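Chemist: Sharing target_14.cif here; it has mmCIF, C-alpha atoms, pLDDT in the B column; chains and numbers go by the auth columns.
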data_start
#
loop_
_atom_site.group_PDB
_atom_site.id
_atom_site.type_symbol
_atom_site.label_atom_id
_atom_site.label_comp_id
_atom_site.label_asym_id
_atom_site.label_seq_id
_atom_site.Cartn_x
_atom_site.Cartn_y
_atom_site.Cartn_z
_atom_site.B_iso_or_equiv
_atom_site.auth_seq_id
_atom_site.auth_asym_id
ATOM 1 C CA MET A 1 121.629 60.890 158.756 60.00 1 A
ATOM 2 C CA LYS A 2 121.740 57.651 160.739 71.00 2 A
ATOM 3 C CA ILE A 3 123.116 54.652 158.893 65.00 3 A
ATOM 4 C CA THR A 4 121.369 51.534 160.152 70.00 4 A
ATOM 5 C CA LYS A 5 122.789 49.058 157.659 68.00 5 A
ATOM 6 C CA VAL A 6 125.895 49.333 155.486 68.00 6 A
ATOM 7 C CA TYR A 7 124.894 46.774 152.890 67.00 7 A
ATOM 8 C CA THR A 8 121.497 46.585 151.217 69.00 8 A
ATOM 9 C CA ARG A 9 122.161 44.048 148.426 67.00 9 A
ATOM 10 C CA ARG A 10 120.242 46.390 146.089 63.00 10 A
ATOM 11 C CA GLY A 11 123.401 47.076 144.071 60.00 11 A
ATOM 12 C CA ASP A 12 124.408 43.465 143.536 61.00 12 A
ATOM 13 C CA GLN A 13 123.110 43.501 139.958 67.00 13 A
ATOM 14 C CA GLY A 14 125.141 46.556 138.938 71.00 14 A
ATOM 15 C CA GLN A 15 122.480 49.200 139.570 63.00 15 A
ATOM 16 C CA THR A 16 122.325 52.038 142.106 71.00 16 A
ATOM 17 C CA SER A 17 119.870 54.733 143.077 69.00 17 A
ATOM 18 C CA LEU A 18 120.209 58.416 142.337 65.00 18 A
ATOM 19 C CA VAL A 19 118.831 61.209 144.477 75.00 19 A
ATOM 20 C CA GLY A 20 115.118 60.914 143.793 72.00 20 A
ATOM 21 C CA GLY A 21 115.170 57.101 143.624 71.00 21 A
ATOM 22 C CA GLN A 22 115.839 56.552 139.911 75.00 22 A
ATOM 23 C CA ARG A 23 117.881 53.355 139.331 79.00 23 A
ATOM 24 C CA ILE A 24 120.813 53.492 136.918 72.00 24 A
ATOM 25 C CA SER A 25 123.825 51.400 135.929 69.00 25 A
ATOM 26 C CA LYS A 26 126.927 51.685 138.067 69.00 26 A
ATOM 27 C CA ALA A 27 128.828 52.010 134.775 69.00 27 A
ATOM 28 C CA SER A 28 127.002 55.192 133.750 86.00 28 A
ATOM 29 C CA ALA A 29 128.709 58.500 132.976 92.00 29 A
ATOM 30 C CA ARG A 30 126.884 60.016 135.943 89.00 30 A
ATOM 31 C CA LEU A 31 128.377 57.510 138.376 93.00 31 A
ATOM 32 C CA GLU A 32 131.812 57.938 136.807 95.00 32 A
ATOM 33 C CA ALA A 33 131.512 61.679 137.429 96.00 33 A
ATOM 34 C CA TYR A 34 130.456 61.628 141.057 93.00 34 A
ATOM 35 C CA GLY A 35 132.523 58.544 141.824 95.00 35 A
ATOM 36 C CA THR A 36 135.631 60.382 140.666 97.00 36 A
ATOM 37 C CA VAL A 37 134.689 63.388 142.822 98.00 37 A
ATOM 38 C CA ASP A 38 134.315 60.956 145.737 96.00 38 A
ATOM 39 C CA GLU A 39 137.777 59.555 144.961 98.00 39 A
ATOM 40 C CA LEU A 40 139.140 63.117 144.953 98.00 40 A
ATOM 41 C CA ASN A 41 137.529 63.695 148.339 98.00 41 A
ATOM 42 C CA SER A 42 139.316 60.636 149.735 98.00 42 A
ATOM 43 C CA HIS A 43 142.655 61.863 148.405 98.00 43 A
ATOM 44 C CA LEU A 44 141.951 65.261 149.973 98.00 44 A
ATOM 45 C CA GLY A 45 141.330 63.481 153.283 98.00 45 A
ATOM 46 C CA LEU A 46 144.798 61.973 153.045 98.00 46 A
ATOM 47 C CA LEU A 47 146.235 65.393 152.212 98.00 47 A
ATOM 48 C CA ALA A 48 144.447 66.957 155.193 98.00 48 A
ATOM 49 C CA ALA A 49 145.878 64.224 157.450 98.00 49 A
ATOM 50 C CA MET A 50 149.378 65.257 156.312 98.00 50 A
ATOM 51 C CA LEU A 51 148.868 68.945 157.052 97.00 51 A
ATOM 52 C CA SER A 52 149.448 70.683 160.360 95.00 52 A
ATOM 53 C CA GLU A 53 146.555 72.513 161.966 96.00 53 A
ATOM 54 C CA GLY A 54 146.147 75.836 160.244 96.00 54 A
ATOM 55 C CA HIS A 55 144.630 77.603 157.283 96.00 55 A
ATOM 56 C CA GLU A 56 145.637 75.092 154.584 97.00 56 A
ATOM 57 C CA LYS A 57 144.230 72.113 156.484 98.00 57 A
ATOM 58 C CA SER A 58 141.057 74.016 157.341 98.00 58 A
ATOM 59 C CA PHE A 59 140.546 75.071 153.726 98.00 59 A
ATOM 60 C CA VAL A 60 141.123 71.529 152.412 98.00 60 A
ATOM 61 C CA GLU A 61 138.511 70.230 154.877 98.00 61 A
ATOM 62 C CA HIS A 62 136.161 73.011 153.752 98.00 62 A
ATOM 63 C CA ILE A 63 136.635 71.832 150.162 98.00 63 A
ATOM 64 C CA GLN A 64 135.814 68.276 151.246 98.00 64 A
ATOM 65 C CA ASN A 65 132.473 69.482 152.563 97.00 65 A
ATOM 66 C CA ASN A 66 131.780 71.326 149.319 98.00 66 A
ATOM 67 C CA LEU A 67 132.566 68.184 147.343 98.00 67 A
ATOM 68 C CA PHE A 68 129.685 66.421 149.101 95.00 68 A
ATOM 69 C CA ASN A 69 127.444 69.126 147.617 96.00 69 A
ATOM 70 C CA VAL A 70 129.034 68.484 144.212 97.00 70 A
ATOM 71 C CA CYS A 71 128.415 64.730 144.522 95.00 71 A
ATOM 72 C CA THR A 72 124.782 65.314 145.513 94.00 72 A
ATOM 73 C CA ASN A 73 124.382 67.629 142.528 94.00 73 A
ATOM 74 C CA LEU A 74 125.877 65.072 140.141 95.00 74 A
ATOM 75 C CA ALA A 75 123.803 62.255 141.714 93.00 75 A
ATOM 76 C CA THR A 76 120.633 64.137 140.788 90.00 76 A
ATOM 77 C CA ASP A 77 119.224 63.692 137.296 85.00 77 A
ATOM 78 C CA GLN A 78 118.194 67.334 136.853 83.00 78 A
ATOM 79 C CA ASP A 79 116.242 66.416 133.734 81.00 79 A
ATOM 80 C CA HIS A 80 113.877 64.395 135.993 82.00 80 A
ATOM 81 C CA ASP A 81 114.276 65.675 139.561 82.00 81 A
ATOM 82 C CA LYS A 82 114.651 69.049 141.220 83.00 82 A
ATOM 83 C CA LEU A 83 117.898 69.686 143.087 82.00 83 A
ATOM 84 C CA ILE A 84 117.611 69.391 146.858 80.00 84 A
ATOM 85 C CA PRO A 85 119.221 72.198 148.929 80.00 85 A
ATOM 86 C CA SER A 86 122.359 70.179 149.735 83.00 86 A
ATOM 87 C CA ALA A 87 123.017 69.762 146.006 84.00 87 A
ATOM 88 C CA HIS A 88 123.934 73.430 145.680 91.00 88 A
ATOM 89 C CA LEU A 89 127.385 74.768 146.385 94.00 89 A
ATOM 90 C CA PRO A 90 127.443 77.499 149.018 94.00 90 A
ATOM 91 C CA GLU A 91 127.097 81.019 147.620 95.00 91 A
ATOM 92 C CA GLY A 92 130.471 82.297 146.449 97.00 92 A
ATOM 93 C CA ALA A 93 132.264 78.917 146.564 98.00 93 A
ATOM 94 C CA VAL A 94 133.952 79.435 143.184 98.00 94 A
ATOM 95 C CA LYS A 95 135.052 82.968 144.103 98.00 95 A
ATOM 96 C CA GLU A 96 136.401 81.689 147.422 98.00 96 A
ATOM 97 C CA VAL A 97 138.718 79.246 145.628 98.00 97 A
ATOM 98 C CA GLU A 98 139.796 81.968 143.185 98.00 98 A
ATOM 99 C CA GLN A 99 140.669 84.277 146.088 98.00 99 A
ATOM 100 C CA GLU A 100 142.692 81.516 147.735 98.00 100 A
ATOM 101 C CA VAL A 101 144.616 80.893 144.490 97.00 101 A
ATOM 102 C CA ASP A 102 145.306 84.626 144.109 97.00 102 A
ATOM 103 C CA SER A 103 146.431 84.940 147.722 97.00 103 A
ATOM 104 C CA ILE A 104 148.874 82.018 147.488 97.00 104 A
ATOM 105 C CA THR A 105 150.172 83.169 144.097 95.00 105 A
ATOM 106 C CA HIS A 106 151.169 86.520 145.597 95.00 106 A
ATOM 107 C CA GLU A 107 153.088 84.748 148.394 93.00 107 A
ATOM 108 C CA LEU A 108 155.255 82.652 146.063 91.00 108 A
ATOM 109 C CA PRO A 109 158.276 83.578 143.966 83.00 109 A
ATOM 110 C CA GLU A 110 157.673 83.471 140.232 80.00 110 A
ATOM 111 C CA ARG A 111 158.986 80.330 138.539 74.00 111 A
ATOM 112 C CA HIS A 112 159.112 79.391 134.899 71.00 112 A
ATOM 113 C CA GLY A 113 158.891 75.939 133.376 74.00 113 A
ATOM 114 C CA PHE A 114 156.839 72.824 133.818 84.00 114 A
ATOM 115 C CA ILE A 115 156.991 71.491 137.366 82.00 115 A
ATOM 116 C CA LEU A 116 157.450 67.811 138.081 85.00 116 A
ATOM 117 C CA PRO A 117 155.034 66.639 140.795 88.00 117 A
ATOM 118 C CA GLY A 118 156.805 65.898 144.043 92.00 118 A
ATOM 119 C CA GLY A 119 158.686 67.606 146.820 92.00 119 A
ATOM 120 C CA THR A 120 157.323 67.058 150.293 95.00 120 A
ATOM 121 C CA GLN A 121 154.919 64.225 150.901 97.00 121 A
ATOM 122 C CA ALA A 122 152.041 66.693 151.345 97.00 122 A
ATOM 123 C CA ALA A 123 152.940 68.583 148.160 97.00 123 A
ATOM 124 C CA ALA A 124 153.142 65.320 146.223 97.00 124 A
ATOM 125 C CA GLN A 125 149.710 64.367 147.587 98.00 125 A
ATOM 126 C CA ALA A 126 148.352 67.774 146.518 98.00 126 A
ATOM 127 C CA HIS A 127 149.574 66.941 142.998 98.00 127 A
ATOM 128 C CA VAL A 128 147.794 63.569 143.173 98.00 128 A
ATOM 129 C CA CYS A 129 144.643 65.446 144.216 98.00 129 A
ATOM 130 C CA ARG A 130 145.133 67.859 141.298 98.00 130 A
ATOM 131 C CA THR A 131 145.332 65.053 138.742 98.00 131 A
ATOM 132 C CA VAL A 132 142.291 63.261 140.173 98.00 132 A
ATOM 133 C CA CYS A 133 140.478 66.612 140.130 98.00 133 A
ATOM 134 C CA ARG A 134 141.323 67.038 136.438 98.00 134 A
ATOM 135 C CA ARG A 135 139.949 63.549 135.743 98.00 135 A
ATOM 136 C CA ALA A 136 136.793 64.421 137.685 98.00 136 A
ATOM 137 C CA GLU A 137 136.451 67.518 135.529 98.00 137 A
ATOM 138 C CA ARG A 138 136.736 65.419 132.355 98.00 138 A
ATOM 139 C CA ARG A 139 134.057 63.037 133.679 98.00 139 A
ATOM 140 C CA ILE A 140 131.778 65.964 134.550 98.00 140 A
ATOM 141 C CA VAL A 141 132.256 67.506 131.094 98.00 141 A
ATOM 142 C CA ALA A 142 131.411 64.146 129.504 97.00 142 A
ATOM 143 C CA LEU A 143 128.255 63.918 131.618 97.00 143 A
ATOM 144 C CA ALA A 144 127.308 67.489 130.681 96.00 144 A
ATOM 145 C CA GLU A 145 127.346 66.478 127.015 96.00 145 A
ATOM 146 C CA THR A 146 124.329 64.229 127.602 95.00 146 A
ATOM 147 C CA ALA A 147 122.683 65.545 130.785 95.00 147 A
ATOM 148 C CA THR A 148 122.087 68.749 132.693 94.00 148 A
ATOM 149 C CA VAL A 149 124.959 69.650 135.017 94.00 149 A
ATOM 150 C CA SER A 150 124.948 72.824 137.065 94.00 150 A
ATOM 151 C CA PRO A 151 127.500 75.282 135.614 94.00 151 A
ATOM 152 C CA GLU A 152 128.875 76.145 139.057 96.00 152 A
ATOM 153 C CA VAL A 153 129.856 72.484 139.536 97.00 153 A
ATOM 154 C CA GLN A 154 132.070 72.571 136.444 97.00 154 A
ATOM 155 C CA GLN A 155 133.491 75.961 137.446 97.00 155 A
ATOM 156 C CA TYR A 156 134.244 74.821 141.001 98.00 156 A
ATOM 157 C CA ILE A 157 136.064 71.674 139.919 98.00 157 A
ATOM 158 C CA ASN A 158 138.042 73.628 137.315 98.00 158 A
ATOM 159 C CA ARG A 159 139.170 76.220 139.888 98.00 159 A
ATOM 160 C CA LEU A 160 139.856 73.504 142.425 98.00 160 A
ATOM 161 C CA SER A 161 142.530 71.897 140.250 98.00 161 A
ATOM 162 C CA ASP A 162 144.224 75.311 139.996 97.00 162 A
ATOM 163 C CA TYR A 163 144.101 75.627 143.779 98.00 163 A
ATOM 164 C CA LEU A 164 145.628 72.189 144.271 98.00 164 A
ATOM 165 C CA PHE A 165 148.487 73.059 141.902 96.00 165 A
ATOM 166 C CA ILE A 166 149.276 76.290 143.720 96.00 166 A
ATOM 167 C CA LEU A 167 148.854 74.604 147.112 97.00 167 A
ATOM 168 C CA ALA A 168 151.501 72.021 146.145 97.00 168 A
ATOM 169 C CA LYS A 169 153.834 74.882 145.240 95.00 169 A
ATOM 170 C CA LYS A 170 153.147 76.593 148.582 96.00 170 A
ATOM 171 C CA LEU A 171 153.719 73.433 150.602 97.00 171 A
ATOM 172 C CA ASN A 172 157.094 72.945 148.936 95.00 172 A
ATOM 173 C CA PHE A 173 157.971 76.612 149.420 94.00 173 A
ATOM 174 C CA ILE A 174 157.101 76.496 153.137 94.00 174 A
ATOM 175 C CA ALA A 175 159.300 73.401 153.534 91.00 175 A
ATOM 176 C CA GLY A 176 162.165 75.054 151.669 87.00 176 A
ATOM 177 C CA ASN A 177 162.044 72.496 148.867 81.00 177 A
ATOM 178 C CA SER A 178 162.963 73.671 145.410 80.00 178 A
ATOM 179 C CA GLU A 179 160.582 72.460 142.748 81.00 179 A
ATOM 180 C CA LYS A 180 161.996 70.242 140.067 81.00 180 A
ATOM 181 C CA ILE A 181 161.555 71.700 136.598 78.00 181 A
ATOM 182 C CA TRP A 182 161.070 69.420 133.598 84.00 182 A
ATOM 183 C CA GLU A 183 164.514 69.229 132.038 79.00 183 A
ATOM 184 C CA ASN A 184 163.381 68.831 128.419 74.00 184 A
ATOM 185 C CA ALA A 185 161.532 72.141 128.608 54.00 185 A
ATOM 186 C CA CYS A 186 164.870 73.885 129.143 53.00 186 A
ATOM 187 C CA LYS A 187 166.517 72.370 126.034 53.00 187 A
#
Please express the file's structure as structure tokens.

Modeler:
Amino acid sequence: MKITKVYTRRGDQGQTSLVGGQRISKASARLEAYGTVDELNSHLGLLAAMLSEGHEKSFVEHIQNNLFNVCTNLATDQDHDKLIPSAHLPEGAVKEVEQEVDSITHELPERHGFILPGGTQAAAQAHVCRTVCRRAERRIVALAETATVSPEVQQYINRLSDYLFILAKKLNFIAGNSEKIWENACK
């Protein structure tokens, strides 16, 4: 898609267009949902920039592409317009994230307790991504209470936060950083 002009002035009055052309308020639950997914995608871009070339970076960038599908899905009022092909997640996207979580889980030593976010810079960023992902999930659930949302979108975002948690653990493990356990949980 060629972008010929960055600004259009069409949103100056607090309205924006959905896929299909319908105009809605920029304060709507729908915009909160896909805007938060967009924010997550930006945080994932920062995480990817911190990672060395390899599987983790490649998978994070793959997730970023899938999140564009999620945003397109959420930017479509399915009660009025049919989903376009790019609004669907690729076949097996949820399962792919589950397999990645399972694979990483088997690589890591078992730990007990609540983990404080932190460690390496990349692991800390993965935790930031996880918390933004959880907020995106809450926004999507709120939207689903009043509008049609594809079930695979909710499933994908839910699994994605699990992946980001386990990725943070892996990044710390690879770096040899011990995770910090919440002290009050031990008392």

Chemist: Within 7 Å of (133.0, 69.5, 138.1), in the coordinates the file gives, what residues turn up when you count all atoms listed in the file, written out as a VMD selection string?

Modeler: chain A and resid 136 to 137 140 153 to 158

Chemist: Give me the residues within 6 Å of A:Ala87 as a list in words, counting only C-alpha atoms and dropping any in the same chain fewer than 5 places off.

Modeler: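 Final neighbour list, sorted by chain and number: Asn69, Thr72 and Asn73 of chain A.
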
Chemist: Out of A:Arg30, A:Lys169, A:His88, A:Lys180, which residue has the shortest atom-to-atom distance to A:Glu110 when counting all atoms listed in the file?

Modeler: A:Lys169

Chemist: Nearest to A:Ser161 among A:Ala124, A:Val101, A:Ala33, A:Leu143, with distances taken over all atoms listed in the file: which residue is it?

Modeler: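 Smallest distance to A:Ser161 is found for A:Val101.
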
Chemist: Between atom CA of A:Ala144 and atom CA of A:Ala75, what is the distance, to one decimal in Å?

Modeler: 12.7 Å

Chemist: Determine the nearest neighbour of A:Ala123 from the options A:Glu32, A:Asp79, A:Glu56, A:Asp38, counting only C-alpha atoms.

Modeler: A:Glu56

Chemist: With all atoms listed in the file as the basis for distance, which of A:Lys170, A:Arg159, A:Arg23, A:Arg138 is at the shortest distance from A:Glu98?

Modeler: A:Arg159

Chemist: Go through A:Val132, A:Cys71, A:Glu179, A:Asn65 and flag the residue nearest A:Gly113, using all atoms listed in the file for the distances.

Modeler: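 Checking each of A:Val132, A:Cys71, A:Glu179, A:Asn65 against A:Gly113, counting all atoms listed in the file, the winner is A:Glu179.
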
Chemist: Take stretch 151-162 of chain A, model all heavy atoms, and hand the result over as a PDB file, keeping the file's coordinate frame.

Modeler:
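Saved to part_35.pdb:
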ATOM      1  N   PRO A 151     126.258  74.629 136.048  1.00 94.00           N
ATOM      2  CA  PRO A 151     127.500  75.282 135.614  1.00 94.00           C
ATOM      3  C   PRO A 151     128.476  75.538 136.753  1.00 94.00           C
ATOM      4  O   PRO A 151     129.689  75.421 136.571  1.00 94.00           O
ATOM      5  CB  PRO A 151     127.036  76.601 134.998  1.00 94.00           C
ATOM      6  CG  PRO A 151     125.589  76.446 134.733  1.00 94.00           C
ATOM      7  CD  PRO A 151     125.076  75.396 135.671  1.00 94.00           C
ATOM      8  N   GLU A 152     127.967  75.858 137.945  1.00 96.00           N
ATOM      9  CA  GLU A 152     128.875  76.145 139.057  1.00 96.00           C
ATOM     10  C   GLU A 152     129.660  74.907 139.484  1.00 96.00           C
ATOM     11  O   GLU A 152     130.763  75.016 140.025  1.00 96.00           O
ATOM     12  CB  GLU A 152     128.143  76.765 140.255  1.00 96.00           C
ATOM     13  CG  GLU A 152     127.193  75.848 140.977  1.00 96.00           C
ATOM     14  CD  GLU A 152     125.769  75.860 140.444  1.00 96.00           C
ATOM     15  OE1 GLU A 152     125.518  76.426 139.352  1.00 96.00           O
ATOM     16  OE2 GLU A 152     124.895  75.298 141.110  1.00 96.00           O
ATOM     17  N   VAL A 153     129.132  73.714 139.218  1.00 97.00           N
ATOM     18  CA  VAL A 153     129.856  72.484 139.536  1.00 97.00           C
ATOM     19  C   VAL A 153     131.098  72.393 138.649  1.00 97.00           C
ATOM     20  O   VAL A 153     132.203  72.131 139.134  1.00 97.00           O
ATOM     21  CB  VAL A 153     128.945  71.243 139.372  1.00 97.00           C
ATOM     22  CG1 VAL A 153     129.750  69.966 139.322  1.00 97.00           C
ATOM     23  CG2 VAL A 153     127.936  71.193 140.514  1.00 97.00           C
ATOM     24  N   GLN A 154     130.931  72.613 137.358  1.00 97.00           N
ATOM     25  CA  GLN A 154     132.070  72.571 136.444  1.00 97.00           C
ATOM     26  C   GLN A 154     133.076  73.665 136.795  1.00 97.00           C
ATOM     27  O   GLN A 154     134.285  73.425 136.798  1.00 97.00           O
ATOM     28  CB  GLN A 154     131.604  72.724 134.996  1.00 97.00           C
ATOM     29  CG  GLN A 154     130.911  71.484 134.465  1.00 97.00           C
ATOM     30  CD  GLN A 154     130.538  71.620 133.007  1.00 97.00           C
ATOM     31  OE1 GLN A 154     129.377  71.826 132.689  1.00 97.00           O
ATOM     32  NE2 GLN A 154     131.508  71.506 132.138  1.00 97.00           N
ATOM     33  N   GLN A 155     132.604  74.855 137.100  1.00 97.00           N
ATOM     34  CA  GLN A 155     133.491  75.961 137.446  1.00 97.00           C
ATOM     35  C   GLN A 155     134.276  75.644 138.718  1.00 97.00           C
ATOM     36  O   GLN A 155     135.483  75.885 138.789  1.00 97.00           O
ATOM     37  CB  GLN A 155     132.687  77.245 137.637  1.00 97.00           C
ATOM     38  CG  GLN A 155     132.058  77.770 136.376  1.00 97.00           C
ATOM     39  CD  GLN A 155     131.026  78.849 136.658  1.00 97.00           C
ATOM     40  OE1 GLN A 155     130.786  79.220 137.801  1.00 97.00           O
ATOM     41  NE2 GLN A 155     130.405  79.342 135.603  1.00 97.00           N
ATOM     42  N   TYR A 156     133.594  75.120 139.718  1.00 98.00           N
ATOM     43  CA  TYR A 156     134.244  74.821 141.001  1.00 98.00           C
ATOM     44  C   TYR A 156     135.355  73.790 140.821  1.00 98.00           C
ATOM     45  O   TYR A 156     136.470  73.973 141.326  1.00 98.00           O
ATOM     46  CB  TYR A 156     133.206  74.330 142.018  1.00 98.00           C
ATOM     47  CG  TYR A 156     133.767  74.178 143.404  1.00 98.00           C
ATOM     48  CD1 TYR A 156     133.965  75.295 144.216  1.00 98.00           C
ATOM     49  CD2 TYR A 156     134.108  72.926 143.911  1.00 98.00           C
ATOM     50  CE1 TYR A 156     134.488  75.162 145.502  1.00 98.00           C
ATOM     51  CE2 TYR A 156     134.626  72.790 145.187  1.00 98.00           C
ATOM     52  CZ  TYR A 156     134.815  73.907 145.976  1.00 98.00           C
ATOM     53  OH  TYR A 156     135.334  73.778 147.238  1.00 98.00           O
ATOM     54  N   ILE A 157     135.071  72.733 140.117  1.00 98.00           N
ATOM     55  CA  ILE A 157     136.064  71.674 139.919  1.00 98.00           C
ATOM     56  C   ILE A 157     137.241  72.203 139.096  1.00 98.00           C
ATOM     57  O   ILE A 157     138.401  71.891 139.378  1.00 98.00           O
ATOM     58  CB  ILE A 157     135.426  70.427 139.271  1.00 98.00           C
ATOM     59  CG1 ILE A 157     134.378  69.810 140.213  1.00 98.00           C
ATOM     60  CG2 ILE A 157     136.476  69.398 138.881  1.00 98.00           C
ATOM     61  CD1 ILE A 157     134.929  69.283 141.531  1.00 98.00           C
ATOM     62  N   ASN A 158     136.966  73.041 138.105  1.00 98.00           N
ATOM     63  CA  ASN A 158     138.042  73.628 137.315  1.00 98.00           C
ATOM     64  C   ASN A 158     138.950  74.500 138.184  1.00 98.00           C
ATOM     65  O   ASN A 158     140.173  74.405 138.123  1.00 98.00           O
ATOM     66  CB  ASN A 158     137.463  74.426 136.149  1.00 98.00           C
ATOM     67  CG  ASN A 158     138.554  74.995 135.273  1.00 98.00           C
ATOM     68  OD1 ASN A 158     139.025  76.113 135.493  1.00 98.00           O
ATOM     69  ND2 ASN A 158     138.947  74.229 134.278  1.00 98.00           N
ATOM     70  N   ARG A 159     138.377  75.358 139.007  1.00 98.00           N
ATOM     71  CA  ARG A 159     139.170  76.220 139.888  1.00 98.00           C
ATOM     72  C   ARG A 159     139.895  75.404 140.949  1.00 98.00           C
ATOM     73  O   ARG A 159     140.992  75.746 141.355  1.00 98.00           O
ATOM     74  CB  ARG A 159     138.309  77.262 140.604  1.00 98.00           C
ATOM     75  CG  ARG A 159     137.609  78.261 139.785  1.00 98.00           C
ATOM     76  CD  ARG A 159     138.446  78.993 138.765  1.00 98.00           C
ATOM     77  NE  ARG A 159     137.628  79.981 138.100  1.00 98.00           N
ATOM     78  CZ  ARG A 159     136.708  79.721 137.190  1.00 98.00           C
ATOM     79  NH1 ARG A 159     136.473  78.474 136.819  1.00 98.00           N
ATOM     80  NH2 ARG A 159     136.010  80.684 136.641  1.00 98.00           N
ATOM     81  N   LEU A 160     139.270  74.331 141.382  1.00 98.00           N
ATOM     82  CA  LEU A 160     139.856  73.504 142.425  1.00 98.00           C
ATOM     83  C   LEU A 160     141.175  72.889 141.973  1.00 98.00           C
ATOM     84  O   LEU A 160     142.144  72.833 142.741  1.00 98.00           O
ATOM     85  CB  LEU A 160     138.870  72.410 142.854  1.00 98.00           C
ATOM     86  CG  LEU A 160     139.285  71.537 144.027  1.00 98.00           C
ATOM     87  CD1 LEU A 160     139.659  72.378 145.237  1.00 98.00           C
ATOM     88  CD2 LEU A 160     138.158  70.571 144.360  1.00 98.00           C
ATOM     89  N   SER A 161     141.261  72.463 140.723  1.00 98.00           N
ATOM     90  CA  SER A 161     142.530  71.897 140.250  1.00 98.00           C
ATOM     91  C   SER A 161     143.618  72.967 140.246  1.00 98.00           C
ATOM     92  O   SER A 161     144.781  72.680 140.554  1.00 98.00           O
ATOM     93  CB  SER A 161     142.376  71.247 138.878  1.00 98.00           C
ATOM     94  OG  SER A 161     142.003  72.199 137.914  1.00 98.00           O
ATOM     95  N   ASP A 162     143.258  74.210 139.928  1.00 97.00           N
ATOM     96  CA  ASP A 162     144.224  75.311 139.996  1.00 97.00           C
ATOM     97  C   ASP A 162     144.693  75.512 141.432  1.00 97.00           C
ATOM     98  O   ASP A 162     145.879  75.706 141.694  1.00 97.00           O
ATOM     99  CB  ASP A 162     143.609  76.608 139.467  1.00 97.00           C
ATOM    100  CG  ASP A 162     143.249  76.540 137.995  1.00 97.00           C
ATOM    101  OD1 ASP A 162     143.912  75.779 137.252  1.00 97.00           O
ATOM    102  OD2 ASP A 162     142.306  77.245 137.593  1.00 97.00           O
TER     103      ASP A 162
END
